[in-house]
Amino acid sequence: MKQEKKGLQLYKTALVISCVHFLLSFWTDHFIFRYVVFDFSSAKNIVKSIETCGVKLVFLFLLIAVWQGIFYVCKKADKTFKRVAFGYFLLMLVLLLLTWPGIWRMDEFGILTSAVQLFPHFWQNYITSVFYIYALMLFPFPAGVILVQIICISLIVARLVTLCLSAEPEQIGKKKKCLCYLLMLVPFLLLPVLDSNLYPMRVSMHAFLELWLLAELYFNWKKNTMPAWYLPVLAAVVTVWRTEAIYYVVCFPLLLLWMGRGKKYRKQILLYLMCTVILFVPQKLGEKITSGSQYELTSVVLPLVPLVEAAHETDTAVDRQLLAEIDKVVSVEVTLEGAREGKTGINLFWSRPDFQRSYTDKEFASFKQAYYKLILRYPAVFLKERFETFVSSTGLLENTTELFTESVPNYITFRQYPLSSPISDKTRTAVIKGLELRTQKDYTQKLAVTDLVYSALPAVLILLVASVILLIRKKWLPLFLLLTALVKVPLVFLTAPSRLFMYYYSVYLIGYVVLFYSVCLLTQKKAKGSKTVRQEAAYE
């Protein structure tokens with residue numbers, strides 16, 4: 001018998017298509033990009049030309065990987081995987097067409113503006129800019145970013161569903177198996193998930209990547225069938241892409257050490273740490289150059305207002321000293337004025353130029369120390385504000401249905417991009433209102449169930465209950481994985497700059513997947529139990 005060749009198979013047809021696609025991209029890029037290439041008229045343009053060549057070279061390797069992947073999935077992938085991936089993508093494509101060009105709210109306009117010039121946007125992490133740039137090179141119109149996003153999410157959904165349903169090799173009957181497939185698809189059909197899939201912000205992709213990472217650790221750690229670089233690279237992206245996920249730099253190595261008992265995964269841990277540093281350094285440098293300490297400041301401004309109020313009312317010598325340190329970075333007078341007007345810290349941050357002062361790194365460090373001391377002096381005030389923020393974190397930032405009617409500068413610029421107009425603005429508005437559970441008459445009016453559906457609280461409770469059950473049953477691996485996901489909750493609780501659903505989205509997604517996977521396991525267990533009873537009856 002002929003032995004099968006090991007290693008990666010290179011599809012020659014896919015390689016040719018990749019090269020043709022790469023050459024065509026120089027023409028299609030002109031529909032949306034504003035980059036400089038082969039311009040040596042000035043030092044600035046020479047640097048830009050070198051940057052463009054580097055970006056395009058990486059795009060060539062990306063295209064090769066993409067087309068090889070397409071051929072591999074078409075020829076080698078499991079039928080179930082292909083059905084789930086295609087079915088979910090088709091659903092999302094229909095929703096994208098109905099809401100074309102997708103759901104655009106605020107920060108993503110700035111990312112898009114930078115991406116078309118091949119500039120990184122560090123406020124939302126430069127990895128987001130990289131994703132935008134290469135998505136736009138594949139599909140040169142704004143909705144292309146969302147199109148690539150739903151392709152990636154569809155593949156992850158297919159992977160997750162097949163992982164969950166291949167864990168039990170016993171036959172449970174076609175009807176029960178079909179029921180299990182439907183159950184595992186339910187969490188990905190929830191309205192907040194569908195809405196987020198059409199929203200081109202890092203929270204959408206990051207949540208699915210984190211869920212994928214935890215699922216791979218749970219289902220495949222014993223099999224060791226994955227390439228050595230697979231999990232470390234995935235974990236590094238998850239760690240760096242969102243600020244609050246930095247705790248993975250501790251949790252991921254500990255998980256690998258526990259799973260491999262300190263031997264099996266040493267190389268993977270080193271690779272993970274190396275990849276994390278490589279990805280992390282450019283972000284911190286770029287953040288420092290472009291926005292200084294502003295991003296960090298946003299994580300404290302919300303509780304800062306009631307804390308400053310409390311210190312001002314108490315008015316002791318210690319309070320006055322702490323407020324003097326606060327005042328070097330943030331105007332105490334403007335803060336108190338905003339508090340009297342009922343404005344939040346994040347509202348003052350963006351709407352009042354006189355809220356912030358010019359400050360040094362040393363003054364900002366003193367400001368943070370004063371802020372922490374205020375928390376220790378007024379813990380009840382801090383916890384009250386944080387709890388109210390957590391419970392009320394159901395908001396969705398901006399009214400995206402006004403994208404084609406309002407004369408906002410961002411909206412006007414956006415409309416000038418190719419293929420940016422909706423197929424029908426009325427249909428787009430109606431579908432978005434339906435997804436976000438708003439009344440059809442007025443977007444600002446929520447339905448009665450909106451705050452429940454768009455709340456992470458049920459998902460957090462699901463994960464807590466599941467963790468207690470796993471602890472009682474001494475199921476250590478799934479327990480540690482759920483706790484890894486739950487660590488994010490107190491971190492976001494303490495630092496969330498606004499009452500937005502997106503800050504807890506990954507916990508929401510993981511929580512509901514755990515719920516329906518548990519139901520699926522119970523269904524399988526019941527089906528196998530019934531089958532055993534029937535077999536015993538037949539034997540007798």
# chains A, B, ... in the order shown; residues from 1 in each chain; ligands from 1
>>> closest_atom_pairs(of="stretch 259-321 of chain A", to="stretch 325-329 of chain A", cutoff="9 Å", atoms="only C-alpha atoms", output="CSV")
residue,atom,partner,partner_atom,distance
A:Val308,CA,A:Ile326,CA,8.6
A:Arg320,CA,A:Glu325,CA,8.8
A:Gln321,CA,A:Glu325,CA,6.6
>>> residues_around(residues="A:Phe61", least_positions_apart="6", cutoff="12 Å", atoms="only C-alpha atoms", output="list of chain:residue names")
A:Leu15, A:Ser18, A:Cys19, A:His21, A:Phe22, A:Gly54, A:Val55, A:Trp67, A:Gln68, A:Tyr134
>>> write_last_selection(atoms="N, CA and C atoms", output="short mmCIF file (atom, residue, chain, number, x, y, z; two decimals), in the first residue's frame")
data_model
loop_
_atom_site.label_atom_id
_atom_site.label_comp_id
_atom_site.auth_asym_id
_atom_site.auth_seq_id
_atom_site.Cartn_x
_atom_site.Cartn_y
_atom_site.Cartn_z
N LEU A 15 -2.46 28.11 -5.92
CA LEU A 15 -1.28 28.99 -5.94
C LEU A 15 -1.33 29.94 -7.12
N SER A 18 -3.93 32.55 -6.49
CA SER A 18 -3.41 33.52 -5.52
C SER A 18 -2.58 34.60 -6.20
N CYS A 19 -1.72 34.17 -7.11
CA CYS A 19 -0.83 35.12 -7.82
C CYS A 19 -1.63 36.06 -8.72
N HIS A 21 -4.81 36.82 -8.35
CA HIS A 21 -5.58 37.67 -7.43
C HIS A 21 -4.70 38.80 -6.88
N PHE A 22 -3.46 38.49 -6.57
CA PHE A 22 -2.52 39.49 -6.05
C PHE A 22 -2.28 40.59 -7.08
N GLY A 54 5.75 46.49 1.75
CA GLY A 54 5.73 45.51 2.84
C GLY A 54 4.34 44.97 3.08
N VAL A 55 3.35 45.86 3.08
CA VAL A 55 1.96 45.46 3.29
C VAL A 55 1.48 44.54 2.17
N TRP A 67 -6.35 30.99 -0.28
CA TRP A 67 -6.76 30.12 -1.38
C TRP A 67 -6.41 28.65 -1.12
N GLN A 68 -5.28 28.41 -0.46
CA GLN A 68 -4.97 27.03 -0.05
C GLN A 68 -6.03 26.52 0.92
N TYR A 134 -6.44 44.30 5.26
CA TYR A 134 -6.44 43.10 4.42
C TYR A 134 -7.84 42.68 4.00
#
>>> residues_around(residues="stretch 372-375 of chain A", least_positions_apart="4", cutoff="12 Å", atoms="only C-alpha atoms", output="PyMOL selection string")
chain A and resi 300+303-312+314+318-323+325-326+365-368+379-386+494
>>> select_by_dssp(residues="stretch 228-266 of chain A", states="alpha helix (DSSP H)", output="VMD selection string")
chain A and resid 230 to 241 248 to 260 266
>>> write_last_selection(atoms="N, CA and C atoms", output="PDB file, in the first residue's frame")
ATOM      1  N   TYR A 230      -0.252  26.482  16.637  1.00  0.00           N
ATOM      2  CA  TYR A 230      -1.677  26.794  16.477  1.00  0.00           C
ATOM      3  C   TYR A 230      -2.259  27.517  17.701  1.00  0.00           C
ATOM      4  N   LEU A 231      -2.227  26.878  18.860  1.00  0.00           N
ATOM      5  CA  LEU A 231      -2.787  27.478  20.067  1.00  0.00           C
ATOM      6  C   LEU A 231      -1.993  28.685  20.568  1.00  0.00           C
ATOM      7  N   PRO A 232      -0.643  28.625  20.587  1.00  0.00           N
ATOM      8  CA  PRO A 232       0.115  29.793  21.052  1.00  0.00           C
ATOM      9  C   PRO A 232      -0.177  31.074  20.263  1.00  0.00           C
ATOM     10  N   VAL A 233      -0.256  30.957  18.935  1.00  0.00           N
ATOM     11  CA  VAL A 233      -0.515  32.142  18.100  1.00  0.00           C
ATOM     12  C   VAL A 233      -1.933  32.659  18.337  1.00  0.00           C
ATOM     13  N   LEU A 234      -2.896  31.738  18.375  1.00  0.00           N
ATOM     14  CA  LEU A 234      -4.287  32.120  18.637  1.00  0.00           C
ATOM     15  C   LEU A 234      -4.407  32.798  20.000  1.00  0.00           C
ATOM     16  N   ALA A 235      -3.759  32.223  21.014  1.00  0.00           N
ATOM     17  CA  ALA A 235      -3.814  32.786  22.366  1.00  0.00           C
ATOM     18  C   ALA A 235      -3.137  34.161  22.430  1.00  0.00           C
ATOM     19  N   ALA A 236      -2.069  34.341  21.686  1.00  0.00           N
ATOM     20  CA  ALA A 236      -1.372  35.635  21.668  1.00  0.00           C
ATOM     21  C   ALA A 236      -2.265  36.729  21.094  1.00  0.00           C
ATOM     22  N   VAL A 237      -2.976  36.414  20.017  1.00  0.00           N
ATOM     23  CA  VAL A 237      -3.901  37.391  19.418  1.00  0.00           C
ATOM     24  C   VAL A 237      -5.017  37.734  20.402  1.00  0.00           C
ATOM     25  N   VAL A 238      -5.576  36.720  21.054  1.00  0.00           N
ATOM     26  CA  VAL A 238      -6.630  36.938  22.051  1.00  0.00           C
ATOM     27  C   VAL A 238      -6.113  37.819  23.191  1.00  0.00           C
ATOM     28  N   THR A 239      -4.876  37.579  23.620  1.00  0.00           N
ATOM     29  CA  THR A 239      -4.286  38.320  24.743  1.00  0.00           C
ATOM     30  C   THR A 239      -4.098  39.793  24.425  1.00  0.00           C
ATOM     31  N   VAL A 240      -3.649  40.094  23.219  1.00  0.00           N
ATOM     32  CA  VAL A 240      -3.239  41.465  22.876  1.00  0.00           C
ATOM     33  C   VAL A 240      -4.361  42.301  22.275  1.00  0.00           C
ATOM     34  N   TRP A 241      -5.313  41.657  21.592  1.00  0.00           N
ATOM     35  CA  TRP A 241      -6.282  42.424  20.812  1.00  0.00           C
ATOM     36  C   TRP A 241      -7.189  43.302  21.667  1.00  0.00           C
ATOM     37  N   TYR A 248      -4.628  36.812  30.203  1.00  0.00           N
ATOM     38  CA  TYR A 248      -4.315  35.528  29.566  1.00  0.00           C
ATOM     39  C   TYR A 248      -2.817  35.246  29.581  1.00  0.00           C
ATOM     40  N   VAL A 249      -2.003  36.301  29.729  1.00  0.00           N
ATOM     41  CA  VAL A 249      -0.559  36.109  29.769  1.00  0.00           C
ATOM     42  C   VAL A 249      -0.160  35.282  30.987  1.00  0.00           C
ATOM     43  N   VAL A 250      -1.027  35.243  31.985  1.00  0.00           N
ATOM     44  CA  VAL A 250      -0.825  34.383  33.159  1.00  0.00           C
ATOM     45  C   VAL A 250      -1.634  33.094  33.027  1.00  0.00           C
ATOM     46  N   CYS A 251      -2.901  33.248  32.660  1.00  0.00           N
ATOM     47  CA  CYS A 251      -3.820  32.100  32.633  1.00  0.00           C
ATOM     48  C   CYS A 251      -3.454  31.052  31.582  1.00  0.00           C
ATOM     49  N   PHE A 252      -3.092  31.484  30.384  1.00  0.00           N
ATOM     50  CA  PHE A 252      -2.813  30.516  29.312  1.00  0.00           C
ATOM     51  C   PHE A 252      -1.599  29.626  29.621  1.00  0.00           C
ATOM     52  N   PRO A 253      -0.451  30.190  30.015  1.00  0.00           N
ATOM     53  CA  PRO A 253       0.672  29.317  30.389  1.00  0.00           C
ATOM     54  C   PRO A 253       0.339  28.381  31.550  1.00  0.00           C
ATOM     55  N   LEU A 254      -0.423  28.884  32.537  1.00  0.00           N
ATOM     56  CA  LEU A 254      -0.801  28.038  33.672  1.00  0.00           C
ATOM     57  C   LEU A 254      -1.683  26.878  33.224  1.00  0.00           C
ATOM     58  N   LEU A 255      -2.601  27.162  32.302  1.00  0.00           N
ATOM     59  CA  LEU A 255      -3.462  26.097  31.761  1.00  0.00           C
ATOM     60  C   LEU A 255      -2.632  25.038  31.040  1.00  0.00           C
ATOM     61  N   LEU A 256      -1.692  25.496  30.219  1.00  0.00           N
ATOM     62  CA  LEU A 256      -0.846  24.544  29.488  1.00  0.00           C
ATOM     63  C   LEU A 256       0.045  23.742  30.438  1.00  0.00           C
ATOM     64  N   LEU A 257       0.580  24.400  31.457  1.00  0.00           N
ATOM     65  CA  LEU A 257       1.415  23.697  32.433  1.00  0.00           C
ATOM     66  C   LEU A 257       0.611  22.639  33.176  1.00  0.00           C
ATOM     67  N   TRP A 258      -0.604  22.991  33.537  1.00  0.00           N
ATOM     68  CA  TRP A 258      -1.462  22.031  34.249  1.00  0.00           C
ATOM     69  C   TRP A 258      -1.846  20.863  33.346  1.00  0.00           C
ATOM     70  N   MET A 259      -2.199  21.169  32.077  1.00  0.00           N
ATOM     71  CA  MET A 259      -2.624  20.124  31.153  1.00  0.00           C
ATOM     72  C   MET A 259      -1.471  19.200  30.766  1.00  0.00           C
ATOM     73  N   GLY A 260      -0.268  19.769  30.649  1.00  0.00           N
ATOM     74  CA  GLY A 260       0.873  18.965  30.224  1.00  0.00           C
ATOM     75  C   GLY A 260       1.763  18.533  31.363  1.00  0.00           C
ATOM     76  N   ARG A 266       6.018  23.051  27.088  1.00  0.00           N
ATOM     77  CA  ARG A 266       7.018  24.089  27.375  1.00  0.00           C
ATOM     78  C   ARG A 266       7.344  24.925  26.137  1.00  0.00           C
TER      79      ARG A 266
END
>>> closest_residue(among="A:Ala228, A:Ile246, A:Val391, A:Val36", to="A:Tyr265", atoms="only C-alpha atoms")
A:Ala228
>>> residues_around(residues="stretch 466-481 of chain A", least_positions_apart="4", cutoff="12 Å", atoms="only C-alpha atoms", output="PyMOL selection string")
chain A and resi 210-222+248+251-252+254-260+459-462+485-487+510-519
>>> residues_around(residues="A:Asn125", least_positions_apart="6", cutoff="9 Å", atoms="only C-alpha atoms", output="list of chain:residue names")
A:Arg202, A:Val240, A:Trp241, A:Arg242, A:Thr243, A:Gln283, A:Glu287
